Structure formats: C-alpha cells, structure tokens
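Enquirer: File follows, upload_6.txt with compact mmCIF, C-alpha atoms:
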# COMPACT_ATOMS: atom_id res chain seq x y z
CA MET A 525 -3.36 8.55 28.86
CA LEU A 526 -0.81 11.36 29.11
CA ILE A 527 1.63 9.37 26.98
CA LYS A 528 -1.06 8.84 24.31
CA ARG A 529 -1.73 12.60 24.25
CA CYS A 530 1.97 13.49 24.00
CA LEU A 531 2.79 10.70 21.56
CA PRO A 532 -0.27 10.12 19.39
CA ARG A 533 1.85 8.10 16.92
CA PRO A 534 4.71 6.58 18.93
CA ILE A 535 6.15 4.55 16.03
CA LEU A 536 6.15 7.63 13.79
CA SER A 537 7.84 9.61 16.57
CA LEU A 538 10.56 6.99 16.88
CA ILE A 539 11.07 6.86 13.10
CA LEU A 540 11.27 10.67 12.88
CA MET A 541 13.82 10.75 15.67
CA LEU A 542 15.96 8.05 14.06
CA VAL A 543 15.77 9.70 10.64
CA TRP A 544 16.86 13.01 12.15
CA ILE A 545 19.82 11.36 13.87
CA MET A 546 20.82 9.66 10.60
CA LEU A 547 20.49 12.92 8.67
CA SER A 548 22.62 14.80 11.18
CA ASP A 549 25.41 12.27 10.42
CA VAL A 550 26.61 12.18 14.01
CA ILE A 551 25.17 10.79 17.21
CA SER A 552 25.39 13.56 19.77
CA TYR A 553 23.25 14.86 22.59
CA GLY A 554 22.12 17.71 20.35
CA SER A 555 21.00 15.48 17.49
CA VAL A 556 19.18 13.11 19.86
CA ILE A 557 17.42 16.00 21.62
CA MET A 558 16.48 17.67 18.32
CA GLY A 559 15.28 14.33 16.96
CA ALA A 560 13.14 13.81 20.08
CA ILE A 561 11.67 17.32 19.76
CA LEU A 562 10.80 16.72 16.10
CA GLY A 563 9.52 13.22 16.89
CA ILE A 564 7.10 14.68 19.44
CA ALA A 565 6.19 17.96 17.70
CA ILE A 566 5.46 16.75 14.16
CA PRO A 567 2.88 14.10 15.13
CA LEU A 568 1.26 16.53 17.59
CA LEU A 569 1.00 19.27 14.97
CA THR A 570 -0.31 16.95 12.26
CA GLN A 571 -2.59 14.64 14.25
CA ARG A 572 -5.77 16.40 13.16
CA PHE A 573 -4.98 15.45 9.55
CA TRP A 574 -4.66 11.74 10.32
CA ASP A 575 -7.51 9.27 10.00
CA ALA A 576 -8.28 6.93 12.85
CA GLN A 577 -5.90 4.00 12.86
CA PRO A 578 -7.47 0.90 11.34
CA VAL A 579 -8.10 -2.11 13.52
CA VAL A 580 -6.35 -5.23 12.30
CA LYS A 581 -8.82 -8.05 12.85
CA LYS A 582 -6.53 -10.85 11.67
CA PRO A 583 -2.84 -10.05 12.22
CA LEU A 584 -1.59 -13.41 10.91
CA LEU A 585 -3.50 -12.86 7.68
CA LEU A 586 -1.86 -9.41 7.43
CA ILE A 587 1.57 -11.04 7.62
CA ARG A 588 0.53 -13.55 4.96
CA TYR A 589 -0.82 -10.72 2.78
CA THR A 590 2.44 -8.79 3.11
CA LEU A 591 4.49 -11.83 2.13
CA ARG A 592 2.17 -12.52 -0.82
CA VAL A 593 2.54 -8.94 -2.07
CA MET A 594 6.33 -9.11 -1.76
CA LEU A 595 6.42 -12.37 -3.71
CA ASP A 596 4.02 -10.98 -6.33
CA ILE A 597 6.26 -7.92 -6.77
CA LEU A 598 9.25 -10.18 -7.36
CA ILE A 599 7.40 -12.39 -9.85
CA ALA A 600 5.88 -9.40 -11.67
CA ASN A 601 9.36 -7.85 -12.00
CA LEU A 602 10.56 -11.01 -13.70
CA GLU A 603 7.50 -11.13 -15.97
CA VAL A 604 7.94 -7.49 -17.04
CA ALA A 605 11.66 -8.07 -17.65
CA TRP A 606 10.82 -11.13 -19.76
CA LEU A 607 8.24 -9.11 -21.70
CA ILE A 608 10.80 -6.39 -22.41
CA ALA A 609 13.54 -8.90 -23.29
CA ARG A 610 11.37 -10.31 -26.09
CA PRO A 611 10.79 -7.35 -28.41
CA TRP A 612 9.05 -9.52 -31.02
CA ARG A 613 6.16 -10.11 -28.61
CA ARG A 614 4.10 -6.95 -28.36
CA PRO A 615 2.49 -6.18 -25.00
CA ARG A 616 -1.28 -5.88 -24.93
CA PRO A 617 -1.99 -2.92 -22.63
CA ALA A 618 -5.49 -2.28 -21.37
CA PHE A 619 -7.44 -0.15 -18.95
CA VAL A 620 -9.56 -2.27 -16.64
CA GLU A 621 -12.49 -0.96 -14.61
CA TYR A 622 -12.22 -2.81 -11.31
CA PRO A 623 -15.44 -2.89 -9.20
CA LEU A 624 -14.64 -2.36 -5.53
CA THR A 625 -16.30 -4.21 -2.67
CA LEU A 626 -14.11 -2.52 -0.05
CA GLN A 627 -15.83 0.28 1.86
CA ARG A 628 -13.19 1.97 4.03
CA ASP A 629 -10.84 4.58 2.60
CA PHE A 630 -7.80 2.96 4.22
CA SER A 631 -8.54 -0.42 2.65
CA ILE A 632 -9.14 1.12 -0.77
CA THR A 633 -5.89 3.08 -0.51
CA LEU A 634 -4.01 -0.05 0.49
CA LEU A 635 -5.47 -1.97 -2.46
CA ALA A 636 -4.62 0.82 -4.91
CA SER A 637 -1.09 1.03 -3.51
CA THR A 638 -0.65 -2.73 -3.74
CA ILE A 639 -1.76 -2.68 -7.37
CA SER A 640 0.62 0.19 -8.15
CA LEU A 641 3.54 -1.51 -6.39
CA THR A 642 3.19 -4.58 -8.57
CA PRO A 643 5.09 -4.01 -11.85
CA GLY A 644 2.90 -4.19 -14.93
CA THR A 645 -0.12 -2.62 -13.25
CA ILE A 646 -0.91 0.82 -11.89
CA SER A 647 -3.99 2.32 -10.28
CA ALA A 648 -4.94 5.19 -12.52
CA ASN A 649 -8.11 6.58 -10.94
CA LEU A 650 -10.62 6.05 -8.15
CA ARG A 651 -14.10 6.99 -9.28
CA LEU A 652 -15.75 9.79 -7.31
CA ASP A 653 -18.42 7.44 -6.01
CA GLY A 654 -15.66 5.17 -4.62
CA ARG A 655 -17.12 2.06 -6.24
CA SER A 656 -14.55 1.34 -8.91
CA LEU A 657 -10.86 1.70 -9.60
CA LEU A 658 -9.41 2.28 -13.05
CA ILE A 659 -6.28 0.15 -13.51
CA HIS A 660 -3.78 0.17 -16.33
CA VAL A 661 -2.44 -3.30 -17.11
CA LEU A 662 0.71 -3.65 -19.21
CA ASP A 663 -0.11 -7.01 -20.77
CA THR A 664 -3.46 -8.79 -20.75
CA ASP A 665 -5.94 -10.30 -23.13
CA ASP A 666 -8.53 -11.16 -20.49
CA GLU A 667 -9.83 -8.27 -18.38
CA GLN A 668 -12.05 -10.54 -16.30
CA ALA A 669 -9.03 -12.67 -15.33
CA VAL A 670 -7.28 -9.51 -14.07
CA ILE A 671 -10.36 -8.57 -12.02
CA ASP A 672 -10.64 -12.07 -10.56
CA GLU A 673 -6.95 -12.22 -9.69
CA ILE A 674 -7.00 -8.85 -7.92
CA TYR A 675 -10.11 -9.80 -6.00
CA HIS A 676 -8.85 -13.17 -4.80
CA ARG A 677 -5.21 -12.22 -4.18
CA TYR A 678 -5.65 -8.74 -2.68
CA GLU A 679 -9.14 -7.40 -2.09
CA ARG A 680 -10.70 -10.39 -0.31
CA PRO A 681 -7.79 -10.72 2.16
CA LEU A 682 -7.95 -6.96 2.84
CA MET A 683 -11.66 -7.30 3.60
CA GLU A 684 -10.88 -10.06 6.11
CA ILE A 685 -8.04 -8.08 7.69
CA TYR A 686 -9.63 -4.63 8.01
CA GLU A 687 -13.39 -4.75 7.37
Let's see the structure in the file written out as structure tokens.
Expert:
Amino acid sequence: MLIKRCLPRPILSLILMLVWIMLSDVISYGSVIMGAILGIAIPLLTQRFWDAQPVVKKPLLLIRYTLRVMLDILIANLEVAWLIARPWRRPRPAFVEYPLTLQRDFSITLLASTISLTPGTISANLRLDGRSLLIHVLDTDDEQAVIDEIYHRYERPLMEIYE
C-alpha cells in the first residue's frame, strides 16, 4: 500500500526516469538520482488530475485491437499516398457525424485518437452532449460506409475491451 501511495503510476515513473537519463546524455549517479526524484515527484504532484485507470476486461482483444490499428495505419498511409500520386483523381472530402455508443471518456478519447492516427481521417469535434463525433474524411462517397467501418473495426472492440 505504501508503494502504491509513493508510486501511483509506476510505469510513468519508470518512463520519466529513463527519459531524464537519456536527456542528460550520460549515465551517472546524479542523473539516475535526479531521474528517480522526477519519476516519483511528477506523478505524485499530478495524480489529482488523472482519471481512474480503466479496467481492461479482455487483454487479448486489446492486443488484437492494437495490431489492427497499426495495420490500418499502414494501409491508410498507402491509400493516401496513392490518392496523392494520382492528381487526375480528385479526392472527395466530407464531414461525417459519427453517432457514439461508447459511454466512458477514456473509450471515447481512445476512439477519437485512433481515428486521428489513421491517415485520411481526423476527429474534428466531440459534441457537448458526448453522443457524436464529427470526423473529417479525406476521400469518401458513402458516409454510412465510413460509420459502419469505424463501428465494426474500432468502436465495438473498444466496448468489449473497456465497457
């Protein structure tokens, strides 16, 4: 319990320490000690700003989701490059209002980030009521197909993982 109070985010503490050591450009007792101090102090000072950590209900599905997103990013990069390489074919940009079924802020943030990470799409706005997400799509002629793809590829797995 004492460790949890001193290290509320142990992975963050470790990352902060390692980043400090890398930034100091030399591994010495001083850089390790300063990294440890920052790794303990920063999470302690900022813990009141953090939301509760989400519970992963299906860790294997989370791994599958991560791999799917990485593959989708790669494929979308190729599609955008192909779209740019053919200047005679004009892109058909559109704003799509995506209705959300996710309830938790973390899940919605993760979905919006996933959409923004995938080239050719970006999350433009979350409505104040939290029920829809405005998405800009670089090239589409079927808004419903975009909604269906996002739901089946991203939102439904996030619901199974976190909600």
Enquirer: Between CA of Arg533 (chain A) and CA of Arg588 (chain A), what is the spacing in Å?
Expert: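 So the answer is 24.8 Å.
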Enquirer: Let me make sure I understand: among A:Leu584, A:Val620, A:Val670, A:Ile564, which one has the smallest atom-to-atom distance to Ser647 (chain A) if we use only C-alpha atoms?
Expert: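 Going through A:Leu584, A:Val620, A:Val670, A:Ile564 one by one, the smallest distance to Ser647 (chain A) is for A:Val620.
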Enquirer: From the set A:Ile557, A:Leu650, A:Met541, A:Val604, which residue has the shortest atom-to-atom contact distance to Pro623 (chain A), counting only C-alpha atoms?
Expert: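 That would be A:Leu650, the residue with the smallest distance to Pro623 (chain A).
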Enquirer: Between CA of Arg628 (chain A) and CA of Ser656 (chain A), what is the distance, to one decimal in Å?
Expert: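 We find that CA of Arg628 (chain A) and CA of Ser656 (chain A) lie 13.0 Å from each other.
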Enquirer: Fewer than 6 positions away in the same chain doesn't count, so skip those; otherwise give me all residues within 8 Å of Gly559 (chain A), counting only C-alpha atoms, as a PyMOL selection string.
Expert: chain A and resi 540-545
Enquirer: Because some atoms of region 640-671 of chain A are absent here, can you restore N, CA and C atoms and send them as a tab-separated table (two decimals), in the coordinates of the input?
Expert:
chain	number	residue	atom	x	y	z
A	640	SER	N	-0.41	-0.65	-7.56
A	640	SER	CA	0.62	0.19	-8.15
A	640	SER	C	2.03	-0.30	-7.86
A	641	LEU	N	2.22	-0.97	-6.73
A	641	LEU	CA	3.54	-1.51	-6.39
A	641	LEU	C	3.92	-2.69	-7.27
A	642	THR	N	2.93	-3.40	-7.76
A	642	THR	CA	3.19	-4.58	-8.57
A	642	THR	C	3.51	-4.15	-10.00
A	643	PRO	N	4.73	-4.42	-10.49
A	643	PRO	CA	5.09	-4.01	-11.85
A	643	PRO	C	4.13	-4.59	-12.89
A	644	GLY	N	3.81	-3.76	-13.87
A	644	GLY	CA	2.90	-4.19	-14.93
A	644	GLY	C	1.49	-3.70	-14.71
A	645	THR	N	1.20	-3.18	-13.52
A	645	THR	CA	-0.12	-2.62	-13.25
A	645	THR	C	0.05	-1.31	-12.48
A	646	ILE	N	-0.91	-0.42	-12.65
A	646	ILE	CA	-0.91	0.82	-11.89
A	646	ILE	C	-2.35	1.28	-11.72
A	647	SER	N	-2.66	1.76	-10.53
A	647	SER	CA	-3.99	2.32	-10.28
A	647	SER	C	-4.02	3.71	-10.88
A	648	ALA	N	-4.91	3.92	-11.82
A	648	ALA	CA	-4.94	5.19	-12.52
A	648	ALA	C	-5.95	6.17	-11.94
A	649	ASN	N	-7.07	5.67	-11.41
A	649	ASN	CA	-8.11	6.58	-10.94
A	649	ASN	C	-9.09	5.85	-10.04
A	650	LEU	N	-9.52	6.52	-8.99
A	650	LEU	CA	-10.62	6.05	-8.15
A	650	LEU	C	-11.83	6.90	-8.51
A	651	ARG	N	-12.89	6.26	-8.90
A	651	ARG	CA	-14.10	6.99	-9.28
A	651	ARG	C	-14.61	7.81	-8.09
A	652	LEU	N	-15.27	8.91	-8.37
A	652	LEU	CA	-15.75	9.79	-7.31
A	652	LEU	C	-16.71	9.09	-6.36
A	653	ASP	N	-17.49	8.15	-6.87
A	653	ASP	CA	-18.42	7.44	-6.01
A	653	ASP	C	-17.73	6.38	-5.16
A	654	GLY	N	-16.43	6.12	-5.42
A	654	GLY	CA	-15.66	5.17	-4.62
A	654	GLY	C	-16.01	3.72	-4.88
A	655	ARG	N	-16.67	3.44	-5.97
A	655	ARG	CA	-17.12	2.06	-6.24
A	655	ARG	C	-16.29	1.33	-7.26
A	656	SER	N	-15.38	2.03	-7.94
A	656	SER	CA	-14.55	1.34	-8.91
A	656	SER	C	-13.20	2.04	-9.03
A	657	LEU	N	-12.24	1.25	-9.46
A	657	LEU	CA	-10.86	1.70	-9.60
A	657	LEU	C	-10.45	1.44	-11.05
A	658	LEU	N	-9.89	2.44	-11.68
A	658	LEU	CA	-9.41	2.28	-13.05
A	658	LEU	C	-7.95	1.86	-12.97
A	659	ILE	N	-7.62	0.73	-13.59
A	659	ILE	CA	-6.28	0.15	-13.51
A	659	ILE	C	-5.72	0.01	-14.90
A	660	HIS	N	-4.47	0.42	-15.07
A	660	HIS	CA	-3.78	0.17	-16.33
A	660	HIS	C	-2.95	-1.09	-16.19
A	661	VAL	N	-3.15	-2.02	-17.12
A	661	VAL	CA	-2.44	-3.30	-17.11
A	661	VAL	C	-1.52	-3.31	-18.33
A	662	LEU	N	-0.27	-3.67	-18.13
A	662	LEU	CA	0.71	-3.65	-19.21
A	662	LEU	C	0.46	-4.73	-20.26
A	663	ASP	N	0.04	-5.90	-19.81
A	663	ASP	CA	-0.11	-7.01	-20.77
A	663	ASP	C	-1.24	-7.93	-20.32
A	664	THR	N	-2.35	-7.88	-21.03
A	664	THR	CA	-3.46	-8.79	-20.75
A	664	THR	C	-4.32	-8.95	-21.99
A	665	ASP	N	-4.94	-10.10	-22.08
A	665	ASP	CA	-5.94	-10.30	-23.13
A	665	ASP	C	-7.28	-10.67	-22.52
A	666	ASP	N	-7.31	-10.77	-21.19
A	666	ASP	CA	-8.53	-11.16	-20.49
A	666	ASP	C	-8.75	-10.25	-19.28
A	667	GLU	N	-9.58	-9.23	-19.46
A	667	GLU	CA	-9.83	-8.27	-18.38
A	667	GLU	C	-10.49	-8.93	-17.17
A	668	GLN	N	-11.37	-9.87	-17.40
A	668	GLN	CA	-12.05	-10.54	-16.30
A	668	GLN	C	-11.06	-11.34	-15.45
A	669	ALA	N	-10.06	-11.92	-16.07
A	669	ALA	CA	-9.03	-12.67	-15.33
A	669	ALA	C	-8.25	-11.73	-14.42
A	670	VAL	N	-7.97	-10.51	-14.90
A	670	VAL	CA	-7.28	-9.51	-14.07
A	670	VAL	C	-8.15	-9.14	-12.87
A	671	ILE	N	-9.43	-8.92	-13.10
A	671	ILE	CA	-10.36	-8.57	-12.02
A	671	ILE	C	-10.43	-9.70	-11.00
